[in-house]
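run_26.csv follows (CSV, C-alpha atoms and all ligand atoms):
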chain,number,residue,atom,x,y,z
A,19,MET,CA,-54.4,15.1,27.0
A,20,GLN,CA,-52.0,13.3,24.7
A,21,TYR,CA,-53.5,11.5,21.7
A,22,ALA,CA,-52.9,11.0,18.0
A,23,LYS,CA,-55.5,12.8,15.8
A,24,ASN,CA,-55.8,9.6,13.8
A,25,ILE,CA,-53.9,6.3,13.3
A,26,LEU,CA,-51.7,7.8,10.6
A,27,GLU,CA,-50.0,10.0,13.2
A,28,THR,CA,-48.6,6.9,14.9
A,29,ILE,CA,-46.5,6.0,11.9
A,30,GLY,CA,-42.7,6.1,12.4
A,31,ASN,CA,-40.5,6.7,15.4
A,32,THR,CA,-40.0,3.0,15.9
A,33,PRO,CA,-37.5,1.7,18.5
A,34,LEU,CA,-33.9,0.6,17.9
A,35,VAL,CA,-33.3,-2.6,20.0
A,36,LYS,CA,-29.9,-4.1,20.8
A,37,LEU,CA,-29.5,-7.8,19.8
A,38,ASN,CA,-28.0,-9.7,22.6
A,39,SER,CA,-27.8,-13.4,21.6
A,40,ILE,CA,-28.5,-14.2,18.0
A,41,THR,CA,-25.4,-12.2,16.8
A,42,GLU,CA,-23.1,-13.1,19.7
A,43,GLU,CA,-20.4,-14.3,17.3
A,44,ILE,CA,-19.9,-10.7,16.2
A,45,ASP,CA,-18.2,-8.2,18.5
A,46,SER,CA,-19.8,-5.0,17.1
A,47,LEU,CA,-22.9,-3.4,18.6
A,48,ILE,CA,-25.8,-4.7,16.5
A,49,LEU,CA,-29.0,-2.7,16.7
A,50,ALA,CA,-32.4,-3.7,15.1
A,51,LYS,CA,-34.7,-1.1,13.8
A,52,VAL,CA,-38.0,-2.9,14.6
A,53,GLU,CA,-40.6,-1.6,12.1
A,54,THR,CA,-43.3,-3.8,13.5
A,55,PHE,CA,-44.1,-1.0,15.9
A,56,ASN,CA,-45.8,0.9,13.0
A,57,PRO,CA,-49.7,0.7,13.2
A,58,GLY,CA,-49.9,-1.6,10.2
A,59,ASN,CA,-47.0,-3.7,11.7
A,60,SER,CA,-44.6,-3.0,8.9
A,61,VAL,CA,-42.1,-0.4,7.6
A,62,LYS,CA,-44.4,0.0,4.6
A,63,ASP,CA,-46.8,2.3,6.5
A,64,ARG,CA,-44.2,5.0,6.0
A,65,MET,CA,-44.1,4.9,2.2
A,66,ALA,CA,-47.8,4.2,1.8
A,67,LEU,CA,-48.6,7.5,3.6
A,68,LYS,CA,-45.9,9.4,1.6
A,69,MET,CA,-47.0,8.0,-1.8
A,70,ILE,CA,-50.6,9.0,-1.1
A,71,ASP,CA,-49.6,12.4,0.3
A,72,ASP,CA,-47.6,13.1,-2.9
A,73,ALA,CA,-50.3,11.8,-5.2
A,74,GLU,CA,-53.0,14.0,-3.5
A,75,ALA,CA,-50.7,17.0,-3.7
A,76,ASP,CA,-50.2,16.8,-7.5
A,77,GLY,CA,-53.7,15.6,-8.3
A,78,ARG,CA,-52.9,12.0,-9.4
A,79,LEU,CA,-55.3,10.9,-6.6
A,80,LYS,CA,-58.6,12.7,-6.4
A,81,PRO,CA,-61.3,12.7,-3.6
A,82,GLY,CA,-63.3,9.4,-3.5
A,83,GLY,CA,-60.8,7.7,-5.8
A,84,THR,CA,-59.8,4.1,-6.0
A,85,ILE,CA,-56.2,3.2,-5.1
A,86,ILE,CA,-54.9,0.1,-7.0
A,87,GLU,CA,-51.6,-1.6,-6.2
A,88,GLY,CA,-49.8,-4.9,-6.7
A,89,THR,CA,-48.6,-5.7,-3.2
A,90,SER,CA,-47.2,-8.5,-1.2
A,91,GLY,CA,-49.4,-7.4,1.6
A,92,ASN,CA,-47.5,-5.0,3.7
A,93,THR,CA,-47.8,-2.0,1.4
A,94,GLY,CA,-51.5,-3.0,1.0
A,95,MET,CA,-51.9,-2.8,4.8
A,96,GLY,CA,-50.3,0.7,4.9
A,97,LEU,CA,-52.4,1.9,2.0
A,98,ALA,CA,-55.5,0.5,3.6
A,99,LEU,CA,-55.0,2.5,6.8
A,100,VAL,CA,-54.5,5.7,4.8
A,101,ALA,CA,-57.5,4.8,2.5
A,102,ILE,CA,-59.7,4.4,5.6
A,103,VAL,CA,-58.7,7.7,7.2
A,104,ARG,CA,-58.9,9.6,3.9
A,105,GLY,CA,-62.0,8.0,2.3
A,106,TYR,CA,-60.5,6.0,-0.7
A,107,LYS,CA,-61.4,2.6,-2.0
A,108,LEU,CA,-58.4,0.1,-2.2
A,109,ILE,CA,-57.9,-2.8,-4.6
A,110,CYS,CA,-54.8,-5.0,-3.8
A,111,VAL,CA,-53.5,-7.4,-6.4
A,112,ILE,CA,-51.4,-10.1,-4.7
A,113,SER,CA,-49.5,-13.2,-5.9
A,114,ASP,CA,-50.7,-16.6,-4.7
A,115,LYS,CA,-47.4,-17.3,-2.9
A,116,GLN,CA,-48.2,-14.7,-0.2
A,117,SER,CA,-49.4,-16.0,3.2
A,118,LYS,CA,-53.1,-16.5,3.7
A,119,GLU,CA,-52.8,-14.3,6.8
A,120,LYS,CA,-51.7,-11.4,4.7
A,121,MET,CA,-54.7,-11.7,2.4
A,122,ASP,CA,-57.1,-12.1,5.4
A,123,ILE,CA,-55.6,-9.0,7.1
A,124,LEU,CA,-56.0,-6.9,3.9
A,125,ARG,CA,-59.7,-8.0,3.7
A,126,ALA,CA,-60.1,-7.2,7.4
A,127,VAL,CA,-59.1,-3.6,6.8
A,128,GLY,CA,-61.6,-3.2,3.9
A,129,ALA,CA,-59.4,-3.8,0.8
A,130,GLU,CA,-60.6,-5.8,-2.2
A,131,VAL,CA,-58.0,-8.6,-2.8
A,132,ILE,CA,-57.3,-10.1,-6.2
A,133,VAL,CA,-55.0,-13.2,-6.2
A,134,CYS,CA,-52.8,-13.9,-9.3
A,135,PRO,CA,-50.4,-16.8,-10.0
A,136,THR,CA,-46.7,-16.3,-8.9
A,137,ASN,CA,-44.9,-18.5,-11.4
A,138,VAL,CA,-45.6,-16.5,-14.6
A,139,GLU,CA,-43.4,-14.0,-16.4
A,140,PRO,CA,-43.9,-10.3,-15.2
A,141,ASP,CA,-45.3,-9.4,-18.7
A,142,ASP,CA,-47.7,-12.3,-18.7
A,143,PRO,CA,-51.3,-10.9,-18.6
A,144,ARG,CA,-52.0,-13.1,-15.5
A,145,SER,CA,-49.0,-11.7,-13.5
A,146,TYR,CA,-49.8,-9.3,-10.6
A,147,TYR,CA,-47.9,-6.6,-12.4
A,148,SER,CA,-50.0,-6.9,-15.5
A,149,VAL,CA,-53.4,-7.3,-13.7
A,150,SER,CA,-52.8,-4.2,-11.5
A,151,LYS,CA,-51.9,-2.1,-14.5
A,152,ARG,CA,-54.9,-3.3,-16.5
A,153,LEU,CA,-57.3,-2.6,-13.6
A,154,ALA,CA,-55.9,0.9,-13.3
A,155,THR,CA,-56.8,1.7,-16.9
A,156,GLU,CA,-60.3,0.1,-16.6
A,157,THR,CA,-61.3,1.6,-13.3
A,158,PRO,CA,-62.7,5.2,-13.3
A,159,ASN,CA,-61.1,7.7,-11.0
A,160,SER,CA,-58.4,5.3,-10.0
A,161,TRP,CA,-54.7,5.7,-9.3
A,162,TYR,CA,-52.0,3.0,-9.8
A,163,VAL,CA,-49.5,3.4,-7.0
A,164,ASN,CA,-46.6,1.4,-8.5
A,165,GLN,CA,-44.4,1.1,-5.5
A,166,TYR,CA,-41.5,-0.3,-7.6
A,167,ASP,CA,-41.0,2.9,-9.6
A,168,ASN,CA,-42.8,5.5,-7.5
A,169,PRO,CA,-40.1,7.9,-6.2
A,170,SER,CA,-42.1,8.8,-3.1
A,171,ASN,CA,-41.4,5.2,-1.8
A,172,SER,CA,-37.6,5.8,-1.3
A,173,LEU,CA,-38.3,9.5,-0.4
A,174,ALA,CA,-40.3,8.4,2.7
A,175,HIS,CA,-37.2,6.6,4.0
A,176,TYR,CA,-34.9,9.4,3.0
A,177,GLU,CA,-37.0,11.9,4.9
A,178,GLN,CA,-38.0,9.8,7.9
A,179,THR,CA,-36.4,6.3,8.5
A,180,GLY,CA,-32.9,7.5,7.6
A,181,PRO,CA,-33.0,10.5,9.9
A,182,GLU,CA,-34.5,8.5,12.8
A,183,ILE,CA,-31.6,5.9,12.6
A,184,TRP,CA,-29.0,8.7,12.4
A,185,GLU,CA,-30.5,10.4,15.5
A,186,GLN,CA,-31.0,7.2,17.4
A,187,THR,CA,-27.4,6.2,16.9
A,188,ASP,CA,-26.0,9.8,17.6
A,189,GLY,CA,-24.5,9.6,14.1
A,190,LYS,CA,-22.4,6.6,15.2
A,191,ILE,CA,-23.8,4.1,12.7
A,192,THR,CA,-21.1,2.5,10.5
A,193,HIS,CA,-23.2,-0.1,8.6
A,194,PHE,CA,-26.8,-0.4,7.5
A,195,VAL,CA,-28.2,-3.8,6.6
A,196,ALA,CA,-31.7,-4.3,5.0
A,197,GLY,CA,-33.6,-6.7,2.7
A,198,VAL,CA,-34.3,-5.4,-0.8
A,199,GLY,CA,-37.6,-5.7,-2.6
A,200,THR,CA,-38.8,-2.5,-4.2
A,201,GLY,CA,-35.5,-1.0,-2.9
A,202,GLY,CA,-37.4,1.9,-1.3
A,203,THR,CA,-36.1,1.2,2.3
A,204,ILE,CA,-32.4,0.6,1.5
A,205,SER,CA,-32.2,3.4,-1.1
A,206,GLY,CA,-33.9,6.1,0.9
A,207,VAL,CA,-32.1,5.2,4.2
A,208,GLY,CA,-28.8,4.6,2.4
A,209,LYS,CA,-28.9,7.9,0.5
A,210,PHE,CA,-29.6,9.9,3.7
A,211,LEU,CA,-26.9,8.1,5.7
A,212,LYS,CA,-24.2,8.4,3.0
A,213,GLU,CA,-25.0,12.2,2.7
A,214,LYS,CA,-24.3,12.4,6.5
A,215,ASN,CA,-21.2,10.2,6.4
A,216,PRO,CA,-20.0,8.8,3.1
A,217,ASN,CA,-18.0,6.1,5.0
A,218,ILE,CA,-21.2,4.3,6.2
A,219,LYS,CA,-21.5,1.0,4.4
A,220,ILE,CA,-24.9,-0.1,3.0
A,221,TRP,CA,-25.5,-3.8,2.6
A,222,GLY,CA,-28.4,-5.3,0.7
A,223,ILE,CA,-30.0,-8.7,1.5
A,224,ASP,CA,-31.1,-10.6,-1.5
A,225,THR,CA,-32.5,-14.1,-1.9
A,226,TYR,CA,-31.6,-17.0,-4.2
A,227,GLY,CA,-33.9,-16.8,-7.2
A,228,SER,CA,-33.5,-13.0,-7.5
A,229,VAL,CA,-31.5,-10.8,-9.9
A,230,PHE,CA,-30.1,-8.1,-7.5
A,231,LYS,CA,-26.8,-9.4,-6.4
A,232,LYS,CA,-25.5,-10.5,-9.8
A,233,TYR,CA,-26.8,-7.3,-11.4
A,234,HIS,CA,-25.0,-5.2,-8.7
A,235,GLU,CA,-21.7,-7.1,-9.2
A,236,THR,CA,-21.7,-7.4,-13.0
A,237,GLY,CA,-24.2,-5.0,-14.5
A,238,ILE,CA,-25.8,-8.0,-16.2
A,239,PHE,CA,-29.5,-8.7,-15.8
A,240,ASP,CA,-29.2,-12.5,-15.8
A,241,GLU,CA,-32.4,-14.4,-16.4
A,242,ASN,CA,-30.7,-17.6,-15.2
A,243,GLU,CA,-30.7,-16.2,-11.7
A,244,ILE,CA,-34.6,-16.2,-11.7
A,245,TYR,CA,-36.5,-19.1,-10.2
A,246,PRO,CA,-39.3,-19.5,-7.7
A,247,TYR,CA,-38.4,-19.0,-4.0
A,248,ILE,CA,-40.3,-19.0,-0.7
A,249,THR,CA,-38.9,-15.9,1.0
A,250,GLU,CA,-41.5,-13.1,1.0
A,251,GLY,CA,-40.9,-9.4,0.4
A,252,ILE,CA,-37.3,-9.5,-0.8
A,253,GLY,CA,-35.6,-10.3,-4.1
A,254,GLU,CA,-37.1,-9.5,-7.6
A,255,ASP,CA,-37.2,-10.7,-11.1
A,256,ILE,CA,-37.3,-7.1,-12.3
A,257,LEU,CA,-35.1,-4.1,-11.6
A,258,PRO,CA,-37.3,-1.6,-9.8
A,259,LYS,CA,-36.4,2.1,-10.2
A,260,ASN,CA,-36.4,2.4,-6.4
A,261,VAL,CA,-33.3,0.3,-6.1
A,262,ASN,CA,-30.4,2.7,-6.2
A,263,PHE,CA,-27.5,0.3,-6.9
A,264,ASP,CA,-25.0,3.2,-6.6
A,265,ILE,CA,-25.5,3.7,-2.9
A,266,ILE,CA,-25.4,-0.1,-2.1
A,267,ASP,CA,-21.9,-1.4,-1.3
A,268,GLY,CA,-22.7,-5.0,-1.6
A,269,PHE,CA,-25.4,-7.8,-1.5
A,270,THR,CA,-25.5,-11.1,0.1
A,271,LYS,CA,-28.0,-13.9,-0.8
A,272,VAL,CA,-29.8,-15.9,1.9
A,273,THR,CA,-31.4,-19.3,1.3
A,274,ASP,CA,-35.1,-19.9,2.0
A,275,LYS,CA,-34.2,-22.4,4.7
A,276,ASP,CA,-31.8,-20.0,6.5
A,277,ALA,CA,-34.4,-17.2,6.3
A,278,ALA,CA,-37.1,-19.4,7.8
A,279,VAL,CA,-34.8,-20.9,10.5
A,280,PHE,CA,-33.4,-17.5,11.5
A,281,THR,CA,-36.9,-16.0,11.7
A,282,ARG,CA,-37.7,-18.6,14.3
A,283,LYS,CA,-34.4,-18.1,16.1
A,284,LEU,CA,-35.1,-14.3,16.3
A,285,ALA,CA,-38.4,-15.0,18.1
A,286,ILE,CA,-37.0,-17.6,20.4
A,287,GLU,CA,-33.6,-16.0,21.3
A,288,GLU,CA,-34.4,-12.3,21.3
A,289,GLY,CA,-38.2,-12.2,21.8
A,290,ILE,CA,-38.5,-10.3,18.6
A,291,PHE,CA,-41.4,-11.7,16.7
A,292,CYS,CA,-40.8,-10.6,13.1
A,293,GLY,CA,-41.5,-11.8,9.6
A,294,ASN,CA,-39.6,-13.9,7.2
A,295,SER,CA,-37.4,-11.2,5.7
A,296,ALA,CA,-36.0,-10.3,9.2
A,297,GLY,CA,-34.7,-13.9,9.3
A,298,SER,CA,-33.0,-13.2,5.9
A,299,ALA,CA,-31.6,-9.9,7.2
A,300,ILE,CA,-30.1,-11.4,10.4
A,301,LYS,CA,-28.6,-14.4,8.6
A,302,GLY,CA,-27.2,-12.1,5.9
A,303,LEU,CA,-25.7,-9.9,8.6
A,304,LEU,CA,-23.9,-13.0,10.0
A,305,GLN,CA,-22.7,-13.9,6.5
A,306,LEU,CA,-21.2,-10.4,6.3
A,307,LYS,CA,-19.4,-10.8,9.6
A,308,LYS,CA,-15.8,-10.3,8.3
A,309,HIS,CA,-16.7,-6.7,7.4
A,310,PHE,CA,-17.6,-5.7,10.9
A,311,LYS,CA,-15.0,-4.4,13.5
A,312,LYS,CA,-15.5,-4.4,17.3
A,313,GLU,CA,-16.1,-0.6,17.4
A,314,ASP,CA,-18.7,-0.7,14.6
A,315,VAL,CA,-22.3,0.1,15.1
A,316,VAL,CA,-24.4,-2.0,12.7
A,317,VAL,CA,-28.1,-1.3,12.2
A,318,VAL,CA,-30.3,-4.0,10.7
A,319,LEU,CA,-33.9,-3.3,9.7
A,320,PHE,CA,-36.8,-5.7,10.4
A,321,HIS,CA,-39.6,-5.0,8.0
A,322,ASP,CA,-42.7,-6.8,9.3
A,323,HIS,CA,-44.4,-8.7,12.1
A,324,GLY,CA,-44.3,-12.5,12.8
A,325,SER,CA,-48.1,-12.8,13.0
A,326,ARG,CA,-48.3,-12.8,9.2
A,327,TYR,CA,-46.3,-16.0,9.1
A,328,VAL,CA,-47.9,-18.2,11.8
A,329,GLY,CA,-49.1,-20.6,9.1
A,330,LYS,CA,-45.6,-20.7,7.6
A,331,MET,CA,-42.2,-20.3,9.3
A,332,PHE,CA,-43.8,-20.4,12.7
A,333,ASN,CA,-45.7,-23.7,12.0
A,334,ASP,CA,-43.7,-26.8,12.7
A,335,ASP,CA,-45.5,-28.9,10.1
A,336,TRP,CA,-44.9,-26.4,7.4
A,337,MET,CA,-41.2,-26.3,8.3
A,338,ARG,CA,-40.9,-30.1,8.5
A,339,GLU,CA,-42.5,-30.6,5.1
A,340,ARG,CA,-39.8,-28.4,3.5
A,341,GLY,CA,-36.9,-30.0,5.5
A,342,PHE,CA,-36.4,-26.7,7.3
A,343,LEU,CA,-36.9,-27.8,11.0
A,344,ASP,CA,-33.4,-27.7,12.3
A,345,GLU,CA,-32.4,-29.6,15.4
A,346,GLU,CA,-31.2,-26.4,16.9
A,347,ILE,CA,-34.7,-24.9,16.8
A,348,THR,CA,-36.3,-28.0,18.1
A,349,LYS,CA,-33.8,-28.0,21.0
A,350,ALA,CA,-34.5,-24.4,21.8
A,351,ILE,CA,-38.3,-24.9,21.8
A,352,ASP,CA,-37.9,-27.9,24.1
A,353,LEU,CA,-35.8,-25.9,26.5
A,354,ILE,CA,-38.4,-23.2,26.6
A,355,LYS,CA,-41.2,-25.8,27.3
A,356,ASP,CA,-39.1,-27.2,30.2
B,1,LIG,N1,-39.5,-7.4,3.8
B,1,LIG,C1,-40.8,-7.5,3.6
B,1,LIG,C2,-41.6,-8.4,4.5
B,1,LIG,C3,-41.5,-6.6,2.7
B,1,LIG,O1,-42.8,-6.7,2.6
B,1,LIG,C4,-40.7,-5.8,1.9
B,1,LIG,C5,-41.3,-5.0,0.8
B,1,LIG,N2,-41.4,-5.6,-0.4
B,1,LIG,C6,-39.3,-5.8,2.1
B,1,LIG,C7,-38.7,-6.6,3.0
B,1,LIG,C8,-38.4,-5.0,1.2
B,1,LIG,O2,-38.5,-3.6,1.4
B,1,LIG,P1,-38.4,-2.6,0.2
B,1,LIG,O3,-39.5,-2.9,-0.8
B,1,LIG,O4,-38.4,-1.2,0.8
B,1,LIG,O5,-37.1,-2.9,-0.5
Will you turn the file into structure tokens for me?
Amino acid sequence: MQYAKNILETIGNTPLVKLNSITEEIDSLILAKVETFNPGNSVKDRMALKMIDDAEADGRLKPGGTIIEGTSGNTGMGLALVAIVRGYKLICVISDKQSKEKMDILRAVGAEVIVCPTNVEPDDPRSYYSVSKRLATETPNSWYVNQYDNPSNSLAHYEQTGPEIWEQTDGKITHFVAGVGTGGTISGVGKFLKEKNPNIKIWGIDTYGSVFKKYHETGIFDENEIYPYITEGIGEDILPKNVNFDIIDGFTKVTDKDAAVFTRKLAIEEGIFCGNSAGSAIKGLLQLKKHFKKEDVVVVLFHDHGSRYVGKMFNDDWMRERGFLDEEITKAIDLIKD
């Protein structure tokens, strides 16, 4: 018989899928690492498991303990799966700009969800950073995960995601493109790939309203770069320890509108139903086009599943209200209906 001993054993080994239409203006082979195939439907299952494994190993997390994290949803989902299998309680502190679906999903897998305002400074006592830290000091037998600065986050991708991509491409990968939030994915994968072949280029996808691109280019943390944006999961108003700027060759910024439109295009043109940051990643990849040669093998990573955004990017009213509904998408939808 072939079966996994529990759901956690199904994490990882996600497929690499060739993109055939959405990137047709680029001659290189473009492959998508589709992380929705993880049991929690996102790449974050990998680091959630690794962070808990490491915290158990050195005694930061004790039997029957409470796990506390500030999470945009996907890390929470990963943590929830591990908490269920290993018997922990989970409290997720989330900002109010996250989709309702993400909050409902977290509650569905037994997490307690606390919602905080988005548009306050990180050190404001109401911010989700501050609230999660406070809860961790007030809750007995608790452990604050802190995915932003927890080294097990990028280590998960150094040990697992990076080697998978290297093996799946037979070592032929020349460029890796990924959205950057905590930085765990890009830094872990990027470090592994550059150790294998220092010529591999690592491209970060940032969003307007975030500090990463400017900081990478100038070394200046420019507060003028910070303003509210819609894209979920990528960009920050802080510099997480998990972003290893040294291994990233460059960033490109993608607008909220482009991210939303390209998330829709990905579903319609490739049948790949992914979340908002996948739209950013694919649009960013197109913006980087001049860097890719015909013989290159470009891998782009899609972080999470489209089901978490059915009330947002995949909802025509939501798109129309923001002026995001492009003629091109409308035409494509009409064609499919015919
Ligand atoms: N996309 C989505 C949807 C995410 O939830 C995250 C995690 N914040 C990212 C991209 C960025 O991944 P990382 O935190 O590993 O940089």
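Minimum atom-to-atom distances from A:Asp344, A:Asp240, A:Asp322, A:Glu313 to ligand LIG 1 (chain B) were compared using only C-alpha atoms and all ligand atoms, and the lowest value belongs to A:Asp322.
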Would you write out, as a tab-separated table, a table of all residues in chain A that have an atom no more than 6 Å from an atom of ligand LIG 1 (chain B), listing for each the closest atom pair and the distance in Å to one decimal, considering all atoms listed in the file and ordering rows by chain and rising residue number?
residue	atom	partner	partner_atom	distance
A:Asn92	CA	B:LIG1	O1	5.1
A:Gly197	CA	B:LIG1	C7	5.1
A:Val198	CA	B:LIG1	O5	3.8
A:Gly199	CA	B:LIG1	O5	3.5
A:Thr200	CA	B:LIG1	O3	3.5
A:Gly201	CA	B:LIG1	O5	3.5
A:Gly202	CA	B:LIG1	O4	3.9
A:Thr203	CA	B:LIG1	O4	3.6
A:Glu250	CA	B:LIG1	C2	5.9
A:Gly251	CA	B:LIG1	C3	3.7
A:Ile252	CA	B:LIG1	C7	5.0
A:Ser295	CA	B:LIG1	N1	4.7
A:His321	CA	B:LIG1	N1	4.8
A:Asp322	CA	B:LIG1	C2	5.2
Selected residue of minimal separation from Ser150 of chain A among A:Gly96, A:Pro169, A:Gly227, A:Gly88, counting all atoms listed in the file:
A:Gly88
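The gap separating atom CA of Lys231 of chain A from atom CA of Pro216 of chain A is 21.6 Å, in Å to one decimal.
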So that I can check the surroundings of Leu303 of chain A, please list as number ranges by chain every protein, DNA and RNA residue that reaches within 10 Å of it, counting all atoms listed in the file and ignoring chain neighbours fewer than 6 positions away.
A: 41, 44, 48, 194-196, 221-223, 270, 272, 297, 309-310, 316-318
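The space separating atom CA of His193 of chain A from atom CA of Ile256 of chain A comes to 26.2 Å.
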Atom CA of Ile265 of chain A to atom CA of Asn59 of chain A, straight-line distance in Å:
27.0 Å
Quick one: everything within 6 Å of segment 324-333 of chain A, counting only C-alpha atoms, minus sequence neighbours fewer than 3 positions away in the same chain. Send it as a VMD selection string.
chain A and resid 119 to 120 278 291 to 293 336
Would you kindly return, as a list in words, each protein, DNA or RNA residue with an atom no farther than 8 Å from any atom of Gln116 of chain A, considering only C-alpha atoms and excluding same-chain residues fewer than 2 positions away?
Ser90, Gly91, Ile112, Ser113, Asp114, Lys118, Lys120, Met121 and Glu250 of chain A
Of the candidates A:Thr273, A:Ser172, A:Asn217, A:Ser228, which one gets nearest to Asn260 of chain A if we count only C-alpha atoms?
A:Ser172
(-53.5, 13.7, -5.7) in this file's frame - what residues fall within 12 Å of it? Use only C-alpha atoms and give the answer as an MDAnalysis selection string.
chainID A and resid 68:85 104 106 159:163
I'd like the neighbourhood of segment 175-188 of chain A as a PyMOL selection string, where a residue qualifies if any of its atoms comes within 7 Å (using all atoms listed in the file), though same-chain residues fewer than 3 positions away should be ignored.
chain A and resi 31+172+191+203+206-207+209-211
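The closest residue to Asp264 of chain A, picked from A:Gln305, A:Ser205, A:Thr155, A:Thr236 and counting all atoms listed in the file, is A:Ser205.
By only C-alpha atoms, and with residues fewer than 2 positions from Phe239 of chain A along its chain excluded, the set lying at most 12 Å from it is Ser228, Val229, Phe230, Lys231, Lys232, Tyr233, His234, Glu235, Thr236, Gly237, Glu241, Asn242, Glu243, Ile244, Glu254, Asp255, Ile256 and Leu257 of chain A.
Closest approach to Leu153 of chain A among A:Thr192, A:Arg125, A:Phe269, A:Ile109: A:Ile109, based on only C-alpha atoms.
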